[in-house]
>>> print(open('protein.cif').read())   # mmCIF, C-alpha atoms
data_target
loop_
_atom_site.label_atom_id
_atom_site.label_comp_id
_atom_site.auth_asym_id
_atom_site.auth_seq_id
_atom_site.Cartn_x
_atom_site.Cartn_y
_atom_site.Cartn_z
CA MET A 1 107.18 -32.70 26.26
CA GLY A 2 108.41 -29.42 24.89
CA ASP A 3 111.34 -27.46 26.25
CA ASP A 4 109.88 -24.75 28.54
CA ASN A 5 113.19 -22.91 28.44
CA SER A 6 113.23 -22.54 24.67
CA THR A 7 113.34 -18.96 23.38
CA ILE A 8 110.57 -17.68 21.12
CA THR A 9 112.12 -16.07 18.09
CA SER A 10 110.96 -12.94 16.30
CA GLN A 11 110.14 -15.08 13.29
CA GLN A 12 107.84 -17.25 15.38
CA ILE A 13 106.04 -14.17 16.69
CA HIS A 14 105.82 -12.86 13.15
CA ASP A 15 104.42 -16.14 11.84
CA TYR A 16 101.91 -16.37 14.68
CA LEU A 17 100.61 -12.85 14.09
CA MET A 18 100.39 -13.48 10.35
CA ASN A 19 98.26 -16.55 11.01
CA ASN A 20 96.21 -14.84 13.74
CA ARG A 21 95.66 -11.36 12.39
CA HIS A 22 92.88 -10.55 14.84
CA PHE A 23 95.07 -11.17 17.85
CA LEU A 24 95.86 -7.52 18.56
CA VAL A 25 92.29 -6.47 17.87
CA GLU A 26 91.10 -9.01 20.42
CA ASN A 27 93.78 -7.91 22.90
CA LEU A 28 93.57 -4.14 22.80
CA ASP A 29 95.20 -3.76 26.20
CA LEU A 30 98.38 -5.27 24.73
CA LEU A 31 98.20 -3.04 21.67
CA GLU A 32 98.04 0.06 23.85
CA GLN A 33 101.35 -0.88 25.50
CA ILE A 34 103.32 -1.64 22.34
CA ASP A 35 105.87 0.99 21.32
CA VAL A 36 105.53 1.60 17.61
CA VAL A 37 108.70 2.87 15.92
CA ALA A 38 108.04 6.22 14.32
CA ALA A 39 108.00 6.39 10.55
CA PRO A 40 110.25 8.82 8.65
CA GLU A 41 109.31 12.46 9.07
CA GLY A 42 106.34 13.46 6.97
CA THR A 43 105.03 9.87 6.62
CA ILE A 44 102.92 7.53 8.71
CA SER A 45 103.51 3.81 8.96
CA LEU A 46 100.85 1.15 8.45
CA ALA A 47 101.18 0.19 12.10
CA GLN A 48 100.53 3.77 13.15
CA ARG A 49 97.49 3.86 10.89
CA GLN A 50 96.18 0.67 12.48
CA VAL A 51 96.73 2.02 15.98
CA ALA A 52 95.05 5.32 15.11
CA ARG A 53 92.11 3.46 13.58
CA LEU A 54 91.73 1.24 16.63
CA GLN A 55 91.88 4.24 18.92
CA GLU A 56 89.22 5.97 16.82
CA LYS A 57 86.96 2.91 16.99
CA ASN A 58 87.47 2.68 20.75
CA ALA A 59 86.51 6.34 21.13
CA GLN A 60 83.38 5.83 19.01
CA LEU A 61 82.33 2.79 21.02
CA HIS A 62 82.90 4.67 24.26
CA GLU A 63 80.81 7.59 22.99
CA GLN A 64 78.00 5.27 21.88
CA MET A 65 78.00 3.48 25.23
CA GLN A 66 77.90 6.79 27.09
CA THR A 67 74.98 7.93 24.93
CA LEU A 68 73.05 4.74 25.74
CA ILE A 69 73.72 5.22 29.45
CA ASP A 70 72.63 8.88 29.33
CA ASN A 71 69.45 8.00 27.41
CA ALA A 72 68.60 5.24 29.86
CA ARG A 73 69.11 7.62 32.78
CA GLN A 74 66.93 10.30 31.15
CA ASN A 75 64.18 7.78 30.36
CA THR A 76 64.18 6.58 33.97
CA GLN A 77 63.86 10.15 35.25
CA LEU A 78 61.10 10.88 32.71
CA GLN A 79 59.22 7.74 33.70
CA LYS A 80 59.31 8.76 37.34
CA LYS A 81 58.02 12.24 36.52
CA VAL A 82 55.17 10.92 34.37
CA HIS A 83 54.25 8.41 37.08
CA GLN A 84 54.17 11.14 39.74
CA LEU A 85 52.14 13.42 37.46
CA CYS A 86 49.52 10.72 36.94
CA LEU A 87 49.26 10.11 40.69
CA THR A 88 48.83 13.85 41.29
CA MET A 89 46.10 14.13 38.68
CA MET A 90 44.19 11.12 40.01
CA ALA A 91 44.33 12.51 43.54
CA GLU A 92 42.55 15.76 42.62
CA ARG A 93 38.94 16.03 43.76
CA ASP A 94 37.50 17.48 40.55
CA LEU A 95 38.29 17.96 36.88
CA SER A 96 39.21 21.65 37.20
CA HIS A 97 41.91 20.95 39.79
CA CYS A 98 43.10 17.95 37.79
CA LEU A 99 43.65 20.02 34.64
CA ASP A 100 45.23 22.84 36.63
CA SER A 101 47.71 20.37 38.18
CA LEU A 102 48.53 19.01 34.75
CA VAL A 103 49.38 22.44 33.31
CA THR A 104 51.32 23.54 36.40
CA THR A 105 53.38 20.34 36.51
CA LEU A 106 54.17 20.37 32.78
CA LYS A 107 55.59 23.88 33.18
CA ALA A 108 57.46 23.24 36.44
CA GLU A 109 58.75 19.68 36.05
CA PHE A 110 58.82 19.17 32.28
CA LYS A 111 60.01 22.70 31.44
CA ALA A 112 57.17 23.49 29.05
CA ASP A 113 57.02 27.19 28.18
CA GLU A 114 53.30 27.07 27.37
CA VAL A 115 50.51 24.52 27.68
CA ALA A 116 47.09 24.57 26.05
CA ILE A 117 44.16 22.23 26.65
CA ARG A 118 41.16 22.19 24.33
CA LEU A 119 38.24 19.99 25.41
CA PHE A 120 35.71 19.08 22.72
CA TYR A 121 31.97 19.41 23.21
CA HIS A 122 28.82 19.24 21.11
CA ASP A 123 25.63 19.77 23.07
CA LYS A 124 27.23 19.04 26.45
CA MET A 125 30.06 20.76 28.32
CA TYR A 126 32.33 19.85 31.21
CA ASP A 127 31.72 21.48 34.57
CA LEU A 128 34.87 23.59 34.88
CA MET A 129 35.68 26.44 37.23
CA PRO A 130 37.14 29.67 35.77
CA THR A 131 40.92 29.50 35.54
CA GLU A 132 43.86 31.61 34.41
CA GLN A 133 45.35 28.58 32.68
CA ASN A 134 44.98 28.13 28.92
CA ILE A 135 42.11 25.64 29.21
CA LYS A 136 39.04 26.03 27.00
CA GLN A 137 36.09 24.05 25.72
CA VAL A 138 35.55 24.19 21.96
CA ASN A 139 33.30 22.65 19.35
CA PRO A 140 35.50 20.27 17.31
CA VAL A 141 33.92 21.18 13.98
CA GLY A 142 34.80 24.05 11.70
CA GLN A 143 38.11 25.85 12.25
CA MET A 144 39.27 23.51 14.99
CA ASN A 145 38.91 20.42 12.85
CA ASP A 146 40.41 22.11 9.78
CA LEU A 147 43.53 23.30 11.63
CA PHE A 148 44.25 20.05 13.47
CA GLU A 149 42.92 17.40 11.10
CA ARG A 150 46.22 15.49 11.22
CA VAL A 151 46.04 15.08 14.99
CA ILE A 152 42.30 14.53 15.27
CA GLY A 153 41.84 12.46 12.10
CA ARG A 154 44.86 10.19 12.57
CA HIS A 155 44.59 10.02 16.35
CA GLN A 156 48.34 10.41 16.77
CA THR A 157 50.73 12.79 18.48
CA ILE A 158 52.32 15.31 16.11
CA CYS A 159 55.55 17.10 17.05
CA GLY A 160 57.39 19.91 15.30
CA ARG A 161 56.81 23.44 14.07
CA PHE A 162 53.18 24.44 13.56
CA SER A 163 51.61 27.09 11.35
CA GLN A 164 50.97 30.61 12.55
CA ALA A 165 47.21 29.98 12.45
CA GLN A 166 47.58 26.88 14.63
CA LYS A 167 49.80 28.68 17.15
CA THR A 168 47.42 31.62 17.33
CA PHE A 169 44.42 29.34 17.86
CA LEU A 170 46.13 27.51 20.72
CA PHE A 171 48.24 30.18 22.42
CA ARG A 172 47.02 33.63 21.36
CA GLU A 173 49.28 36.18 23.11
CA GLN A 174 51.81 33.47 24.05
CA GLU A 175 52.34 32.26 20.49
CA THR A 176 55.89 33.66 20.43
CA GLN A 177 56.79 31.03 23.04
CA ALA A 178 55.62 28.24 20.74
CA GLU A 179 58.58 27.69 18.42
CA SER A 180 58.05 23.92 18.59
CA ILE A 181 54.97 22.05 19.78
CA ALA A 182 53.86 18.56 20.78
CA CYS A 183 50.15 18.26 19.98
CA ILE A 184 48.56 15.23 21.64
CA PRO A 185 45.07 13.82 21.00
CA ILE A 186 43.16 13.23 24.22
CA GLY A 187 41.84 9.72 23.72
CA GLN A 188 40.70 8.04 20.53
CA LEU A 189 37.44 7.16 18.82
CA PRO A 190 36.20 9.69 19.58
CA CYS A 191 38.93 12.18 20.38
CA LYS A 192 37.96 14.14 23.50
CA GLY A 193 40.27 17.08 22.89
CA LEU A 194 43.86 18.24 22.42
CA LEU A 195 46.78 18.76 24.77
CA ALA A 196 49.44 21.05 23.29
CA ILE A 197 52.86 21.50 24.93
CA ALA A 198 55.00 24.31 23.52
CA SER A 199 58.65 25.30 23.83
CA SER A 200 60.53 28.44 22.86
CA ASP A 201 63.28 26.11 21.60
CA GLN A 202 62.49 25.25 17.99
CA HIS A 203 64.38 21.94 18.34
CA ARG A 204 62.68 20.75 21.56
CA PHE A 205 59.82 18.95 19.79
CA HIS A 206 60.57 17.46 16.38
CA ALA A 207 59.07 14.96 13.96
CA ASP A 208 61.60 12.20 14.69
CA MET A 209 61.28 12.16 18.47
CA ALA A 210 59.69 9.29 20.41
CA THR A 211 56.16 10.06 21.53
CA ASP A 212 55.32 7.08 23.77
CA TYR A 213 55.17 9.09 27.00
CA LEU A 214 53.25 11.92 25.34
CA THR A 215 50.66 9.50 23.95
CA PHE A 216 50.36 7.83 27.34
CA LEU A 217 49.70 11.24 28.90
CA GLY A 218 46.90 11.87 26.41
CA ASP A 219 45.35 8.47 27.14
CA MET A 220 45.61 9.09 30.87
CA LEU A 221 43.84 12.43 30.54
CA SER A 222 41.14 10.78 28.41
CA HIS A 223 40.53 8.24 31.17
CA LEU A 224 40.18 11.01 33.76
CA LEU A 225 37.71 12.86 31.54
CA THR A 226 35.63 9.69 31.42
CA GLN A 227 35.33 9.91 35.19
CA HIS A 228 33.96 13.46 34.81
CA PRO A 229 31.54 13.29 31.86
CA PRO A 230 30.13 16.48 30.32
CA HIS A 231 26.52 17.41 31.05
CA TYR A 232 23.89 19.82 29.83
CA GLY A 233 24.46 23.35 31.06
#
>>> encode(input="protein.cif", output="structure tokens")
Amino acid sequence: MGDDNSTITSQQIHDYLMNNRHFLVENLDLLEQIDVVAAPEGTISLAQRQVARLQEKNAQLHEQMQTLIDNARQNTQLQKKVHQLCLTMMAERDLSHCLDSLVTTLKAEFKADEVAIRLFYHDKMYDLMPTEQNIKQVNPVGQMNDLFERVIGRHQTICGRFSQAQKTFLFREQETQAESIACIPIGQLPCKGLLAIASSDQHRFHADMATDYLTFLGDMLSHLLTQHPPHYG
């Protein structure tokens, strides 16, 4: 058996650390408590550089972890809001009230500055009551199809900054509030219309953002329109 009372020498510690160079990295709590002798004025020792680097990495990891936590919290809150919005829409007695609830909720709960809904028709139209909301029925050919071919043709949500002609077509007098827009196809094959959500913040909706919830909202609205089919006027 070894002598438990033997003294560990500095050389033994040195040799151990040389053979186990990741020891301090794997035991950061110990590294934080070690007093590093200052280098001569105007210079920085290798040990100080290592400590500074480790502290920088720790700060980066902490920031990344906090970002993940914040994103998870925001996604949970967004999921709850979308879920509640869908329940509200399904509870409405007719299509007019359903669309009105959608626009009102997007402005109140999702902080949209403007919302536009364009429902497509050919020879049939939806039975809608007059409303002050920006909800209109349009023929999807001609100007409408030319301006929004990317959304209609590709059947995908497009986010970012839109042209002046597109903003004018959707928002008219409120186009100044539409610095960035999320334009969502309502259903696919065929597309039943467009849902456009605008913000006065030009960075709110951008090309790299996730669009899962927006696409889901468009699909949900498409399903509700199926329950209220258009008819001959």
>>> atom_distance(input="protein.cif", atom1="atom CA of A:Lys80", atom2="atom CA of A:Gln177")
26.6 Å
>>> residues_around(input="protein.cif", residues="A:Glu92", least_positions_apart="5", cutoff="12 Å", atoms="only C-alpha atoms", output="list in words")
Leu85, Cys86, Leu87, His97, Cys98, Leu99, Asp100, Ser101, Leu102, Leu224, Gln227 and His228 of chain A
>>> write_last_selection(input="protein.cif", atoms="C-alpha atoms", output="PDB file, keeping the file's coordinate frame")
ATOM      1  CA  LEU A  85      52.140  13.420  37.460  1.00  0.00           C
ATOM      2  CA  CYS A  86      49.520  10.720  36.940  1.00  0.00           C
ATOM      3  CA  LEU A  87      49.260  10.110  40.690  1.00  0.00           C
ATOM      4  CA  HIS A  97      41.910  20.950  39.790  1.00  0.00           C
ATOM      5  CA  CYS A  98      43.100  17.950  37.790  1.00  0.00           C
ATOM      6  CA  LEU A  99      43.650  20.020  34.640  1.00  0.00           C
ATOM      7  CA  ASP A 100      45.230  22.840  36.630  1.00  0.00           C
ATOM      8  CA  SER A 101      47.710  20.370  38.180  1.00  0.00           C
ATOM      9  CA  LEU A 102      48.530  19.010  34.750  1.00  0.00           C
ATOM     10  CA  LEU A 224      40.180  11.010  33.760  1.00  0.00           C
ATOM     11  CA  GLN A 227      35.330   9.910  35.190  1.00  0.00           C
ATOM     12  CA  HIS A 228      33.960  13.460  34.810  1.00  0.00           C
TER      13      HIS A 228
END
>>> closest_atom_pairs(input="protein.cif", of="stretch 74-153 of chain A", to="stretch 199-210 of chain A", cutoff="8 Å", atoms="all atoms listed in the file", output="CSV")
residue,atom,partner,partner_atom,distance
A:Ala112,CA,A:Ser199,CA,5.7
A:Asp113,CA,A:Ser199,CA,5.0
A:Glu114,CA,A:Ser199,CA,6.7
>>> atom_distance(input="protein.cif", atom1="atom CA of A:Gly187", atom2="atom CA of A:Met220")
8.1 Å
>>> atom_distance(input="protein.cif", atom1="atom CA of A:Arg118", atom2="atom CA of A:Lys136")
5.1 Å
>>> closest_residue(input="protein.cif", among="A:Cys159, A:Ala165, A:Asn134, A:Gln77", to="A:Ile181", atoms="all atoms listed in the file")
A:Cys159
>>> closest_residue(input="protein.cif", among="A:Gln166, A:Val25, A:Arg73, A:Arg161", to="A:Ala182", atoms="only C-alpha atoms")
A:Arg161
>>> closest_residue(input="protein.cif", among="A:Val151, A:Ala196, A:Thr7, A:Pro230", to="A:Asp123", atoms="only C-alpha atoms")
A:Pro230
>>> axis_aligned_box(input="protein.cif", around="stretch 179-184 of chain A", padding_each_side="3 Å", output="lines of an AutoDock Vina configuration file")
center_x = 53.6
center_y = 21.5
center_z = 20.0
size_x = 16.0
size_y = 18.5
size_z = 9.2
>>> resolve_selection(input="protein.cif", expression="the PyMOL selection byres ((chain A and resi 124) around 6)", output="number ranges by chain")
A: 121-123, 125, 230-232
